[in-house]
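Trainee: Below you'll find structure.pdb; it's PDB, C-alpha atoms.
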ATOM      1  CA  GLN A   1       7.576   2.819  20.060
ATOM      2  CA  VAL A   2       4.438   2.331  17.990
ATOM      3  CA  GLN A   3       1.007   2.232  19.580
ATOM      4  CA  LEU A   4      -2.415   1.504  18.117
ATOM      5  CA  VAL A   5      -5.457   2.810  19.959
ATOM      6  CA  GLU A   6      -9.008   1.882  19.008
ATOM      7  CA  SER A   7     -12.137   3.825  19.882
ATOM      8  CA  GLY A   8     -15.789   3.979  18.934
ATOM      9  CA  GLY A   9     -17.096   0.718  20.330
ATOM     10  CA  GLY A  10     -20.245   0.473  22.385
ATOM     11  CA  LEU A  11     -23.720  -0.959  22.718
ATOM     12  CA  VAL A  12     -26.131  -0.640  19.811
ATOM     13  CA  GLN A  13     -29.404  -2.219  18.781
ATOM     14  CA  ALA A  14     -29.614  -4.562  15.828
ATOM     15  CA  GLY A  15     -29.826  -2.578  12.612
ATOM     16  CA  GLY A  16     -27.838   0.286  14.065
ATOM     17  CA  SER A  17     -24.437   1.674  13.151
ATOM     18  CA  LEU A  18     -21.080   2.302  14.777
ATOM     19  CA  ARG A  19     -17.845   3.786  13.516
ATOM     20  CA  LEU A  20     -14.579   2.470  14.886
ATOM     21  CA  SER A  21     -11.319   4.387  14.694
ATOM     22  CA  CYS A  22      -7.742   3.218  15.080
ATOM     23  CA  VAL A  23      -4.991   5.766  15.550
ATOM     24  CA  ALA A  24      -1.371   4.757  15.132
ATOM     25  CA  SER A  25       1.192   6.853  16.971
ATOM     26  CA  GLY A  26       4.940   6.853  17.425
ATOM     27  CA  SER A  27       7.892   7.192  15.096
ATOM     28  CA  ILE A  28       6.012   5.931  12.067
ATOM     29  CA  PHE A  29       7.656   6.063   8.679
ATOM     30  CA  VAL A  30       4.891   4.283   6.797
ATOM     31  CA  SER A  31       1.905   2.058   7.557
ATOM     32  CA  HIS A  32       1.504  -0.638   4.958
ATOM     33  CA  TYR A  33      -1.291  -3.116   5.548
ATOM     34  CA  MET A  34      -3.938  -2.218   8.142
ATOM     35  CA  ALA A  35      -6.819  -4.395   9.231
ATOM     36  CA  TRP A  36      -9.652  -4.958  11.658
ATOM     37  CA  TYR A  37     -10.051  -8.280  13.409
ATOM     38  CA  ARG A  38     -12.678  -9.389  15.887
ATOM     39  CA  GLN A  39     -12.967 -12.033  18.546
ATOM     40  CA  ALA A  40     -16.235 -13.207  20.024
ATOM     41  CA  PRO A  41     -16.349 -15.096  23.339
ATOM     42  CA  GLY A  42     -15.176 -18.671  22.894
ATOM     43  CA  LYS A  43     -14.182 -18.124  19.272
ATOM     44  CA  GLN A  44     -10.962 -17.543  17.409
ATOM     45  CA  ARG A  45      -9.931 -14.104  16.270
ATOM     46  CA  GLU A  46     -11.044 -13.531  12.683
ATOM     47  CA  LEU A  47     -10.254 -11.015   9.978
ATOM     48  CA  VAL A  48     -13.077  -8.551   9.371
ATOM     49  CA  ALA A  49     -11.591  -6.194   6.788
ATOM     50  CA  ALA A  50      -8.210  -5.066   5.508
ATOM     51  CA  ILE A  51      -6.881  -2.129   3.530
ATOM     52  CA  SER A  52      -3.568  -1.561   1.780
ATOM     53  CA  ILE A  53      -1.646   1.693   1.724
ATOM     54  CA  GLY A  54      -3.035   2.279  -1.754
ATOM     55  CA  GLY A  55      -6.611   1.763  -0.615
ATOM     56  CA  SER A  56      -7.290  -1.753  -1.878
ATOM     57  CA  THR A  57      -9.736  -3.489   0.426
ATOM     58  CA  ASN A  58     -11.023  -6.920   1.235
ATOM     59  CA  TYR A  59     -13.776  -8.060   3.553
ATOM     60  CA  ALA A  60     -14.967 -11.167   5.302
ATOM     61  CA  ASP A  61     -18.027 -12.565   3.554
ATOM     62  CA  SER A  62     -20.064 -12.068   6.715
ATOM     63  CA  VAL A  63     -19.660  -8.267   6.611
ATOM     64  CA  LYS A  64     -19.606  -7.523   2.882
ATOM     65  CA  GLY A  65     -22.108  -4.836   1.989
ATOM     66  CA  ARG A  66     -22.508  -3.762   5.621
ATOM     67  CA  PHE A  67     -19.019  -2.671   6.759
ATOM     68  CA  THR A  68     -16.678  -0.196   5.095
ATOM     69  CA  ILE A  69     -12.989   0.108   5.898
ATOM     70  CA  SER A  70     -11.076   3.296   5.117
ATOM     71  CA  ARG A  71      -7.888   5.059   6.132
ATOM     72  CA  ASP A  72      -6.367   8.518   6.297
ATOM     73  CA  ASN A  73      -2.657   8.061   5.692
ATOM     74  CA  ALA A  74      -1.836  11.644   6.683
ATOM     75  CA  LYS A  75      -3.360  11.023  10.111
ATOM     76  CA  ASN A  76      -2.182   7.413  10.474
ATOM     77  CA  THR A  77      -5.796   6.544  11.180
ATOM     78  CA  MET A  78      -8.015   3.709  10.037
ATOM     79  CA  TYR A  79     -11.786   3.515  10.285
ATOM     80  CA  LEU A  80     -14.453   0.849  10.183
ATOM     81  CA  GLN A  81     -17.978   2.024   9.409
ATOM     82  CA  MET A  82     -20.361  -0.683  10.545
ATOM     83  CA  ASP A  83     -23.961  -0.501   9.347
ATOM     84  CA  SER A  84     -26.912  -2.878   9.649
ATOM     85  CA  LEU A  85     -25.306  -4.421  12.693
ATOM     86  CA  LYS A  86     -26.415  -7.863  13.826
ATOM     87  CA  PRO A  87     -26.132  -9.608  17.193
ATOM     88  CA  LYS A  88     -23.564 -11.965  15.651
ATOM     89  CA  ASP A  89     -21.291  -8.944  15.122
ATOM     90  CA  THR A  90     -20.844  -8.750  18.901
ATOM     91  CA  ALA A  91     -17.140  -9.097  19.652
ATOM     92  CA  VAL A  92     -14.016  -7.290  20.703
ATOM     93  CA  TYR A  93     -12.658  -5.504  17.651
ATOM     94  CA  PHE A  94      -8.905  -5.177  17.252
ATOM     95  CA  CYS A  95      -6.820  -2.970  15.039
ATOM     96  CA  ASN A  96      -3.785  -4.528  13.361
ATOM     97  CA  ALA A  97      -1.131  -2.825  11.288
ATOM     98  CA  ASP A  98       2.083  -3.568   9.473
ATOM     99  CA  ILE A  99       4.256  -0.538  10.171
ATOM    100  CA  VAL A 100       7.752   0.634   9.409
ATOM    101  CA  ALA A 101       8.990   2.724  12.326
ATOM    102  CA  THR A 102      12.131   4.786  12.615
ATOM    103  CA  ALA A 103      14.664   4.826  15.393
ATOM    104  CA  ARG A 104      17.866   6.726  15.911
ATOM    105  CA  SER A 105      20.933   5.291  17.575
ATOM    106  CA  LEU A 106      24.321   6.993  17.756
ATOM    107  CA  GLY A 107      23.161   9.451  15.140
ATOM    108  CA  VAL A 108      22.114   6.749  12.682
ATOM    109  CA  MET A 109      18.501   6.383  11.669
ATOM    110  CA  THR A 110      17.197   2.865  11.235
ATOM    111  CA  PHE A 111      13.946   1.530   9.799
ATOM    112  CA  ASN A 112      12.244  -1.364  11.538
ATOM    113  CA  ARG A 113       9.186  -3.173  10.229
ATOM    114  CA  GLY A 114       6.829  -4.765  12.703
ATOM    115  CA  ASN A 115       3.280  -5.962  13.172
ATOM    116  CA  TYR A 116       1.265  -4.238  15.872
ATOM    117  CA  TRP A 117      -2.049  -4.777  17.662
ATOM    118  CA  GLY A 118      -4.333  -2.427  19.539
ATOM    119  CA  GLN A 119      -5.911  -3.272  22.872
ATOM    120  CA  GLY A 120      -9.371  -3.814  21.408
ATOM    121  CA  THR A 121     -12.751  -2.141  21.701
ATOM    122  CA  GLN A 122     -15.972  -3.913  22.640
ATOM    123  CA  VAL A 123     -18.899  -3.893  20.239
ATOM    124  CA  THR A 124     -22.178  -5.285  21.548
ATOM    125  CA  VAL A 125     -25.254  -5.576  19.363
ATOM    126  CA  SER A 126     -28.527  -6.289  21.128
ATOM    127  CA  SER A 127     -31.452  -8.013  19.454
TER     128      SER A 127
END
Show me this structure written as structure tokens.

Mentor:
Amino acid sequence: QVQLVESGGGLVQAGGSLRLSCVASGSIFVSHYMAWYRQAPGKQRELVAAISIGGSTNYADSVKGRFTISRDNAKNTMYLQMDSLKPKDTAVYFCNADIVATARSLGVMTFNRGNYWGQGTQVTVSS
């Protein structure tokens, strides 16, 4: 069973910084695409930043130049460094990953690809 656990959220003043972490655990063979999404009250969940297994990144226009996504494949961990935070960045931030996990049944190993979400971590930016 694969689990994603986020940490690092909190309350910060405008202009401040936070660093979010997302740790994937379980019988992971490989994590392909990993991403951060966010959802503000009354709004739809939106993509913030994404990173491929090779390190290619893309960002929402609203966070370009302020947020940096990175990953440590050996630790199955993804990070989001958030600088120059603004009140409009206030949201619950979710980790999302496309993961191939292994399972063993009757002595046979199988590989199963799935898309997983973390439980979210609250980021609040005060003005």

Trainee: Between CA of Gly120 (chain A) and CA of Tyr93 (chain A), what is the spacing in Å?

Mentor: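 One can read the CA of Tyr93 (chain A) to CA of Gly120 (chain A) distance as 5.3 Å.
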
Trainee: Using all atoms listed in the file, pick whichever of A:Gly15, A:Gly55, A:Gly42, A:Gly118 has the shortest atom-to-atom distance to Leu85 (chain A).

Mentor: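 The answer is A:Gly15, which sits nearest to Leu85 (chain A).
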
Trainee: Taking only C-alpha atoms into account, name the residue in A:Ile28, A:Ala40, A:Val125, A:Cys22 that is nearest to Ile69 (chain A).

Mentor: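 Smallest distance to Ile69 (chain A) is found for A:Cys22.
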
Trainee: If we count all atoms listed in the file and set the cut-off at 12 Å, which residues sit around Asn112 (chain A), ignoring sequence neighbours fewer than 6 positions away in its own chain? Please answer as a PyMOL selection string.

Mentor: chain A and resi 1-2+27-31+98-104

Trainee: For the residues in that selection, give me C-alpha atoms as a short mmCIF file (atom, residue, chain, number, x, y, z; two decimals), in the coordinates of the input.

Mentor:
data_model
loop_
_atom_site.label_atom_id
_atom_site.label_comp_id
_atom_site.auth_asym_id
_atom_site.auth_seq_id
_atom_site.Cartn_x
_atom_site.Cartn_y
_atom_site.Cartn_z
CA GLN A 1 7.58 2.82 20.06
CA VAL A 2 4.44 2.33 17.99
CA SER A 27 7.89 7.19 15.10
CA ILE A 28 6.01 5.93 12.07
CA PHE A 29 7.66 6.06 8.68
CA VAL A 30 4.89 4.28 6.80
CA SER A 31 1.90 2.06 7.56
CA ASP A 98 2.08 -3.57 9.47
CA ILE A 99 4.26 -0.54 10.17
CA VAL A 100 7.75 0.63 9.41
CA ALA A 101 8.99 2.72 12.33
CA THR A 102 12.13 4.79 12.62
CA ALA A 103 14.66 4.83 15.39
CA ARG A 104 17.87 6.73 15.91
#

Trainee: Counting all atoms listed in the file, what is within 12 Å of Ser127 (chain A), bar same-chain residues fewer than 4 positions away, as a list in words?

Mentor: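 The contact residues come out as Leu11, Val12, Gln13, Ala14, Gly15, Gly16, Ser84, Leu85, Lys86, Pro87, Lys88, Asp89 and Thr90 of chain A.
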
Trainee: Using only C-alpha atoms, please write the residues we just selected to a file, as a JSON list (two decimals), keeping the file's coordinate frame.

Mentor:
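Output (selection_12.json):
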[["chain", "number", "residue", "atom", "x", "y", "z"],
["A", 11, "LEU", "CA", -23.72, -0.96, 22.72],
["A", 12, "VAL", "CA", -26.13, -0.64, 19.81],
["A", 13, "GLN", "CA", -29.40, -2.22, 18.78],
["A", 14, "ALA", "CA", -29.61, -4.56, 15.83],
["A", 15, "GLY", "CA", -29.83, -2.58, 12.61],
["A", 16, "GLY", "CA", -27.84, 0.29, 14.06],
["A", 84, "SER", "CA", -26.91, -2.88, 9.65],
["A", 85, "LEU", "CA", -25.31, -4.42, 12.69],
["A", 86, "LYS", "CA", -26.42, -7.86, 13.83],
["A", 87, "PRO", "CA", -26.13, -9.61, 17.19],
["A", 88, "LYS", "CA", -23.56, -11.96, 15.65],
["A", 89, "ASP", "CA", -21.29, -8.94, 15.12],
["A", 90, "THR", "CA", -20.84, -8.75, 18.90]]

Trainee: Taking the file above as input, evaluate the PyMOL selection byres ((chain A and resi 48) around 6) and report the hits as number ranges by chain.

Mentor: A: 36-37, 47, 49, 59-60

Trainee: Excluding Ala24 (chain A) and any residue of its chain fewer than 3 positions from it, enumerate the residues within 7 Å of it, using all atoms listed in the file, and give them as a short mmCIF file (atom, residue, chain, number, x, y, z; two decimals) with C-alpha atoms, keeping the file's coordinate frame.

Mentor:
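Output file selection-v5.cif follows:
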data_model
loop_
_atom_site.label_atom_id
_atom_site.label_comp_id
_atom_site.auth_asym_id
_atom_site.auth_seq_id
_atom_site.Cartn_x
_atom_site.Cartn_y
_atom_site.Cartn_z
CA VAL A 2 4.44 2.33 17.99
CA GLN A 3 1.01 2.23 19.58
CA LEU A 4 -2.42 1.50 18.12
CA VAL A 5 -5.46 2.81 19.96
CA ASN A 76 -2.18 7.41 10.47
CA THR A 77 -5.80 6.54 11.18
#

Trainee: Give the answer as one residue: which of A:Val63, A:Leu18, A:Met109, A:Met34 has the shortest atom-to-atom distance to Ala97 (chain A), using only C-alpha atoms?

Mentor: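 Closest to Ala97 (chain A) of all the choices is A:Met34.
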
Trainee: Restricting the calculation to all atoms listed in the file, which member of A:Tyr116, A:Leu20, A:Gly107, A:Gln122 is positioned closest to Leu80 (chain A)?

Mentor: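 Among A:Tyr116, A:Leu20, A:Gly107, A:Gln122, it is A:Leu20 that comes nearest to Leu80 (chain A).
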
Trainee: Name the closest residue to Ser56 (chain A) among the candidates A:Val108, A:Trp117, A:Tyr79, A:Tyr33; distances are taken between atoms, counting all atoms listed in the file.

Mentor: A:Tyr33

Trainee: Using the file's own x, y and z axes, so that the box edges lie along x, y and z, what centre and edge lengths in Å (one decimal) does a box around every listed atom of region 102-106 of chain A get when 8 Å is added on each side? Give it as lines of an AutoDock Vina configuration file.

Mentor:
center_x = 18.2
center_y = 5.9
center_z = 15.2
size_x = 28.2
size_y = 18.2
size_z = 21.1

Trainee: In Å, with one decimal, what is the gap from CA of Gln81 (chain A) to CA of Glu46 (chain A)?

Mentor: 17.3 Å

Trainee: What is the distance, in Å and to one decimal place, between CA of Pro41 (chain A) and CA of Asn58 (chain A)?

Mentor: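 Between CA of Pro41 (chain A) and CA of Asn58 (chain A) the gap is 24.2 Å.
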
Trainee: Nearest residue to Glu6 (chain A) out of A:Thr124, A:Thr68, A:Thr110, A:Asn96, using only C-alpha atoms?

Mentor: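 Smallest distance to Glu6 (chain A) is found for A:Asn96.
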
Trainee: Counting all atoms listed in the file, which residues sit no farther than 7 Å from the position (-16.1, -0.2, 24.6) in the file's frame? I'd like them as a ChimeraX atom specification.

Mentor: /A:9-10,121-123

Trainee: Could you take the residues named above and write them with C-alpha atoms, as a short mmCIF file (atom, residue, chain, number, x, y, z; two decimals), in the frame of the given file?

Mentor:
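Writing done, so here's result.cif:
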data_model
loop_
_atom_site.label_atom_id
_atom_site.label_comp_id
_atom_site.auth_asym_id
_atom_site.auth_seq_id
_atom_site.Cartn_x
_atom_site.Cartn_y
_atom_site.Cartn_z
CA GLY A 9 -17.10 0.72 20.33
CA GLY A 10 -20.24 0.47 22.38
CA THR A 121 -12.75 -2.14 21.70
CA GLN A 122 -15.97 -3.91 22.64
CA VAL A 123 -18.90 -3.89 20.24
#
